[in-house]
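Raw contents of final_32.csv, CSV, C-alpha atoms:
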```
chain,number,residue,atom,x,y,z
A,1,MET,CA,22.9,-10.0,-7.7
A,2,ASN,CA,22.4,-12.6,-10.5
A,3,HIS,CA,18.8,-13.1,-9.5
A,4,ALA,CA,18.2,-9.3,-9.8
A,5,PHE,CA,19.9,-9.2,-13.3
A,6,TRP,CA,18.0,-12.2,-14.7
A,7,GLY,CA,14.8,-11.0,-13.1
A,8,LEU,CA,15.1,-7.6,-14.8
A,9,ALA,CA,15.8,-9.3,-18.1
A,10,LEU,CA,12.8,-11.6,-17.8
A,11,SER,CA,10.5,-8.8,-16.7
A,12,VAL,CA,11.6,-6.6,-19.6
A,13,LYS,CA,11.0,-9.5,-22.0
A,14,GLY,CA,7.5,-10.0,-20.6
A,15,MET,CA,6.7,-6.3,-21.2
A,16,LEU,CA,7.8,-6.4,-24.8
A,17,CYS,CA,4.4,-7.7,-26.0
A,18,TYR,CA,2.8,-4.6,-24.4
A,19,ALA,CA,5.4,-2.3,-26.0
A,20,GLN,CA,4.9,-4.0,-29.4
A,21,ALA,CA,1.1,-3.6,-29.2
A,22,PHE,CA,1.4,0.2,-28.5
A,23,GLY,CA,4.5,0.9,-30.5
A,24,THR,CA,6.6,2.1,-27.5
A,25,ILE,CA,9.8,0.3,-28.7
A,26,PRO,CA,10.4,1.2,-32.3
A,27,PRO,CA,12.9,-0.7,-34.4
A,28,ALA,CA,15.1,2.4,-34.7
A,29,CYS,CA,16.0,2.0,-31.0
A,30,VAL,CA,18.2,-0.9,-32.0
A,31,ARG,CA,20.8,1.5,-33.4
A,32,THR,CA,23.0,2.3,-30.5
A,33,THR,CA,26.3,3.9,-31.4
A,34,ARG,CA,28.4,5.2,-34.3
A,35,THR,CA,31.8,6.9,-34.6
A,36,ASP,CA,32.0,10.4,-35.9
A,37,CYS,CA,34.7,11.9,-38.2
A,38,LYS,CA,37.0,12.7,-35.2
A,39,GLY,CA,37.0,9.1,-34.0
A,40,LEU,CA,34.9,9.8,-30.9
A,41,CYS,CA,32.2,7.2,-30.1
A,42,MET,CA,28.9,9.0,-29.8
A,43,LYS,CA,25.7,7.5,-28.7
A,44,ARG,CA,23.0,7.6,-31.3
A,45,THR,CA,19.5,6.3,-30.6
A,46,GLY,CA,16.3,6.4,-32.6
A,47,LEU,CA,14.5,7.7,-29.5
A,48,LYS,CA,14.1,11.3,-30.6
A,49,SER,CA,13.4,10.6,-34.3
A,50,SER,CA,11.1,7.5,-33.9
A,51,MET,CA,9.2,8.0,-30.7
A,52,ASN,CA,6.7,10.7,-30.2
A,53,ARG,CA,5.7,12.3,-26.9
A,54,HIS,CA,2.9,9.8,-26.2
A,55,GLN,CA,5.2,6.8,-26.6
A,56,LYS,CA,7.8,8.3,-24.3
A,57,VAL,CA,5.2,8.8,-21.6
A,58,LEU,CA,4.2,5.2,-21.9
A,59,CYS,CA,7.8,4.1,-21.5
A,60,VAL,CA,8.3,6.4,-18.5
A,61,ILE,CA,5.2,4.7,-16.9
A,62,LEU,CA,6.1,1.1,-17.7
A,63,LEU,CA,9.8,0.8,-17.1
A,64,PRO,CA,9.8,2.0,-13.5
A,65,MET,CA,7.1,-0.6,-12.6
A,66,VAL,CA,9.3,-3.3,-14.2
A,67,ILE,CA,12.4,-2.3,-12.3
A,68,LEU,CA,10.6,-1.8,-8.9
A,69,SER,CA,8.9,-5.2,-9.1
A,70,VAL,CA,12.2,-7.1,-9.6
A,71,PRO,CA,13.4,-7.0,-6.0
A,72,GLN,CA,10.2,-8.5,-4.6
A,73,ILE,CA,10.0,-11.2,-7.3
A,74,PHE,CA,13.6,-12.4,-7.2
A,75,GLY,CA,14.8,-11.0,-3.9
A,76,PRO,CA,14.1,-12.0,-0.3
A,77,LYS,CA,10.4,-11.9,0.5
A,78,ASN,CA,10.8,-10.9,4.1
A,79,PHE,CA,8.8,-7.6,4.0
A,80,LEU,CA,5.2,-7.6,5.3
A,81,PRO,CA,3.2,-4.4,4.5
A,82,ASN,CA,0.5,-3.1,6.8
A,83,PRO,CA,-3.0,-4.3,5.7
A,84,GLU,CA,-4.0,-0.7,4.9
A,85,VAL,CA,-1.0,-0.2,2.7
A,86,ALA,CA,-1.7,-3.5,0.9
A,87,THR,CA,-5.3,-2.5,0.3
A,88,ILE,CA,-4.4,0.9,-1.1
A,89,ALA,CA,-1.7,-0.6,-3.3
A,90,LEU,CA,-4.3,-3.1,-4.7
A,91,TYR,CA,-6.7,-0.4,-5.8
A,92,LEU,CA,-4.0,2.1,-6.9
A,93,SER,CA,-2.5,-0.6,-9.1
A,94,ALA,CA,-5.9,-1.4,-10.7
A,95,PHE,CA,-6.5,2.4,-11.2
A,96,VAL,CA,-3.1,2.8,-12.9
A,97,VAL,CA,-3.7,-0.2,-15.2
A,98,ILE,CA,-7.1,1.0,-16.2
A,99,VAL,CA,-6.0,4.5,-17.0
A,100,VAL,CA,-2.9,3.4,-18.9
A,101,SER,CA,-4.8,0.8,-20.9
A,102,LEU,CA,-7.6,3.2,-21.8
A,103,TRP,CA,-5.2,5.9,-22.7
A,104,ALA,CA,-3.0,3.7,-24.8
A,105,GLY,CA,-6.1,2.2,-26.6
A,106,TYR,CA,-7.3,5.8,-27.3
A,107,LEU,CA,-3.9,6.8,-28.7
A,108,LEU,CA,-3.8,3.6,-30.8
A,109,HIS,CA,-7.3,4.1,-32.1
A,110,THR,CA,-6.6,7.8,-33.1
A,111,GLY,CA,-3.4,6.9,-34.8
A,112,LYS,CA,-1.2,8.9,-32.5
A,113,ILE,CA,0.8,5.8,-31.8
A,114,THR,CA,1.3,2.8,-34.2
A,115,PRO,CA,2.1,-0.8,-33.3
A,116,ASP,CA,5.5,-2.3,-33.9
A,117,PRO,CA,5.7,-4.1,-37.3
A,118,GLN,CA,6.1,-7.4,-35.6
A,119,TRP,CA,2.7,-6.9,-33.9
A,120,HIS,CA,0.9,-7.5,-37.3
A,121,SER,CA,2.5,-10.9,-37.6
A,122,PHE,CA,0.7,-12.1,-34.4
A,123,GLY,CA,-2.3,-14.3,-34.8
A,124,LEU,CA,-5.8,-13.5,-33.4
A,125,GLY,CA,-5.3,-15.8,-30.4
A,126,LYS,CA,-1.9,-14.3,-29.6
A,127,LYS,CA,-3.3,-10.8,-29.8
A,128,CYS,CA,-6.2,-11.6,-27.6
A,129,LEU,CA,-3.9,-13.2,-25.1
A,130,THR,CA,-1.7,-10.1,-25.2
A,131,PHE,CA,-4.5,-7.7,-24.5
A,132,ILE,CA,-5.6,-9.8,-21.5
A,133,GLY,CA,-2.3,-10.9,-20.1
A,134,CYS,CA,-0.3,-7.7,-20.4
A,135,PRO,CA,-2.6,-5.5,-18.3
A,136,LEU,CA,-2.7,-8.3,-15.8
A,137,LEU,CA,1.1,-8.4,-15.8
A,138,LEU,CA,1.3,-4.6,-15.4
A,139,TRP,CA,-1.2,-4.8,-12.5
A,140,ILE,CA,1.0,-7.4,-10.7
A,141,MET,CA,4.1,-5.3,-11.2
A,142,CYS,CA,2.3,-2.1,-10.0
A,143,HIS,CA,1.0,-4.0,-7.0
A,144,LEU,CA,4.5,-5.3,-6.1
A,145,SER,CA,6.0,-1.8,-6.6
A,146,PHE,CA,3.4,0.1,-4.6
A,147,GLY,CA,2.6,-2.5,-2.0
A,148,TYR,CA,6.1,-3.9,-1.3
A,149,THR,CA,9.1,-2.3,-2.9
A,150,VAL,CA,8.2,1.3,-2.1
A,151,PRO,CA,7.2,0.6,1.5
A,152,ARG,CA,10.3,-1.6,2.0
A,153,ILE,CA,12.5,1.3,0.9
A,154,TRP,CA,10.6,3.6,3.3
A,155,THR,CA,11.1,1.1,6.1
A,156,MET,CA,14.9,0.9,5.4
A,157,LEU,CA,15.2,4.7,5.7
A,158,ASP,CA,12.9,5.2,8.7
A,159,SER,CA,12.1,2.3,11.1
A,160,GLU,CA,12.6,1.1,14.6
A,161,ALA,CA,13.7,-2.4,15.9
A,162,ARG,CA,11.0,-4.4,17.6
A,163,THR,CA,10.2,-8.0,18.6
A,164,VAL,CA,6.9,-9.6,17.5
A,165,ALA,CA,5.4,-13.0,18.2
A,166,TYR,CA,3.2,-15.1,16.0
A,167,GLN,CA,1.7,-18.6,16.0
A,168,VAL,CA,3.5,-20.5,13.3
A,169,THR,CA,4.0,-23.9,11.9
A,170,LYS,CA,6.9,-25.4,9.9
A,171,ASN,CA,6.7,-25.6,6.2
A,172,ARG,CA,9.0,-26.8,3.4
A,173,GLY,CA,9.2,-24.3,0.7
A,174,GLY,CA,10.1,-24.9,-3.0
A,175,GLY,CA,10.8,-23.2,-6.2
A,176,ARG,CA,13.9,-21.5,-7.6
A,177,HIS,CA,13.3,-18.3,-5.8
A,178,SER,CA,11.9,-19.7,-2.5
A,179,CYS,CA,13.6,-20.7,0.7
A,180,SER,CA,13.5,-24.4,1.5
A,181,TYR,CA,12.9,-24.1,5.3
A,182,GLN,CA,10.0,-21.8,6.3
A,183,LEU,CA,7.7,-20.8,9.1
A,184,GLU,CA,4.2,-19.9,8.1
A,185,ASN,CA,1.1,-18.2,9.6
A,186,ASP,CA,-2.3,-18.5,8.0
A,187,GLN,CA,-3.0,-14.8,8.7
A,188,LEU,CA,0.1,-13.5,6.9
A,189,ASP,CA,0.5,-13.0,3.2
A,190,ARG,CA,1.8,-16.4,1.9
A,191,MET,CA,2.1,-15.4,-1.7
A,192,TYR,CA,4.6,-12.5,-1.4
A,193,PHE,CA,6.0,-13.1,2.1
A,194,GLU,CA,8.2,-15.9,3.5
A,195,ILE,CA,9.8,-16.5,6.9
A,196,CYS,CA,13.0,-18.3,6.2
A,197,VAL,CA,15.0,-20.0,8.9
A,198,PRO,CA,18.2,-22.0,8.9
A,199,ARG,CA,18.0,-25.7,8.3
A,200,ASP,CA,19.4,-26.9,11.6
A,201,PHE,CA,17.1,-24.5,13.5
A,202,TRP,CA,14.1,-25.7,11.5
A,203,TYR,CA,14.6,-29.4,12.5
A,204,ARG,CA,14.8,-28.4,16.2
A,205,LEU,CA,11.4,-26.9,16.1
A,206,PRO,CA,8.2,-28.8,17.1
A,207,ASP,CA,6.0,-30.3,14.3
A,208,GLY,CA,2.8,-28.7,15.6
A,209,PRO,CA,1.8,-25.0,16.0
A,210,PHE,CA,3.9,-23.0,18.3
A,211,ILE,CA,4.6,-19.4,19.3
A,212,ALA,CA,7.8,-17.9,17.8
A,213,THR,CA,9.4,-14.5,18.3
A,214,PHE,CA,10.9,-12.5,15.5
A,215,LYS,CA,13.2,-9.5,15.2
A,216,VAL,CA,11.8,-6.9,12.8
A,217,GLU,CA,12.4,-3.4,11.6
A,218,GLN,CA,9.0,-1.6,11.7
A,219,SER,CA,7.7,1.6,10.1
A,220,PRO,CA,4.2,3.0,9.6
A,221,LEU,CA,4.1,1.2,6.2
A,222,GLY,CA,5.1,-2.3,7.3
A,223,MET,CA,7.9,-4.4,8.8
A,224,THR,CA,11.0,-6.3,7.6
A,225,PHE,CA,11.7,-9.5,9.3
A,226,LYS,CA,15.4,-9.6,10.2
A,227,GLY,CA,15.6,-13.0,12.0
A,228,THR,CA,14.0,-15.6,14.2
A,229,GLY,CA,14.3,-15.3,18.0
A,230,VAL,CA,15.8,-18.2,19.9
A,231,ASN,CA,12.7,-18.3,22.1
A,232,TRP,CA,9.7,-20.3,21.1
A,233,ALA,CA,6.9,-22.1,23.0
A,234,PRO,CA,4.3,-24.8,22.2
A,235,PHE,CA,1.0,-23.3,21.0
A,236,SER,CA,-1.7,-23.1,23.7
A,237,SER,CA,-5.3,-21.9,23.7
A,238,GLU,CA,-4.2,-18.3,24.1
A,239,PRO,CA,-4.9,-16.1,21.1
A,240,ASN,CA,-2.2,-14.8,18.8
A,241,HIS,CA,-0.3,-11.8,20.0
A,242,LYS,CA,2.3,-9.2,19.0
A,243,GLY,CA,5.1,-8.0,21.2
```
Take the structure in the file and write it out as structure tokens.
Amino acid sequence: MNHAFWGLALSVKGMLCYAQAFGTIPPACVRTTRTDCKGLCMKRTGLKSSMNRHQKVLCVILLPMVILSVPQIFGPKNFLPNPEVATIALYLSAFVVIVVSLWAGYLLHTGKITPDPQWHSFGLGKKCLTFIGCPLLLWIMCHLSFGYTVPRIWTMLDSEARTVAYQVTKNRGGGRHSCSYQLENDQLDRMYFEICVPRDFWYRLPDGPFIATFKVEQSPLGMTFKGTGVNWAPFSSEPNHKG
């Protein structure tokens, strides 16, 4: 739960540069509440008075991508999408980023949106880095949302239990949000996917390649690894297989 909270905070902070560039978070939004004459606490925001329709649409597009990417970044990476789903998500994310960037640039050029005042204090280098880095950050978040979080939710709602087998090797993970004892397969996604196993079980496994079975929840969009089967065998000359 703490990982999700801090992940959301860091992701929102990372998108502030994009919001400042296109004026989607005006200073008036800092005002949050006030008390009326009857002593009732009424929420007051600058959203209606300071944000036009175009800025609101940009916010609606950006914020869901930030929220949906958090579980994959800071949560367990045990979901493996189908290759077709991953490919579609890759191109769909690029399409969304291109459309949003061109549209936001057009609105900025025509004066329909204005940058946050803090944007003008940025140097040339920081502005160039923002225009390059923020679309890349948005693409990563869209890719995680379309390629992992949405298919994972679908799999949670509609899936069937299965057992699969892969040739794997032992690997020591690292990093704050990575499990320490892993099994890896060169054909599987190693950037956004991890097979985590208990420490004692990891040390009982052979050092070379071997065939391991896994319990998964599978749907047409992908599968979530639920655990490692107790059965494993040394790797032979037989090709990889699924069960």
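CA of Gly208 (chain A) to CA of Ile195 (chain A) spans 16.5 Å [interatomic distance, one decimal].
The closest residue to Pro135 (chain A), picked from A:Tyr148, A:Leu157, A:Leu102, A:Leu108 and counting all atoms listed in the file, is A:Leu102.
CA of Val197 (chain A) sits 14.7 Å away from CA of Phe79 (chain A).
Ranking A:Asp186, A:Glu84, A:Glu217, A:Asp158 by their shortest atom-to-atom distance to Asn171 (chain A), with all atoms listed in the file included, puts A:Asp186 first.
Reported to one decimal place, the separation of CA of Phe225 (chain A) from CA of Arg172 (chain A) is 18.5 Å.
Between Phe201 (chain A) and the candidates A:Leu144, A:Leu68, A:Leu183, A:Val96, the tightest atom-to-atom separation, counting all atoms listed in the file, involves A:Leu183.
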- What's the 12 Å shell around Gln72 (chain A), counting only C-alpha atoms, without same-chain residues fewer than 3 positions away, as a ChimeraX atom specification? /A:3-4,7-8,65-69,75-80,140-153,177-178,191-194
- Query: Which is closest to Lys226 (chain A) among A:Ala161, A:Ile211, A:Ile98, A:Cys179, if we use only C-alpha atoms?
  - Reply: A:Ala161
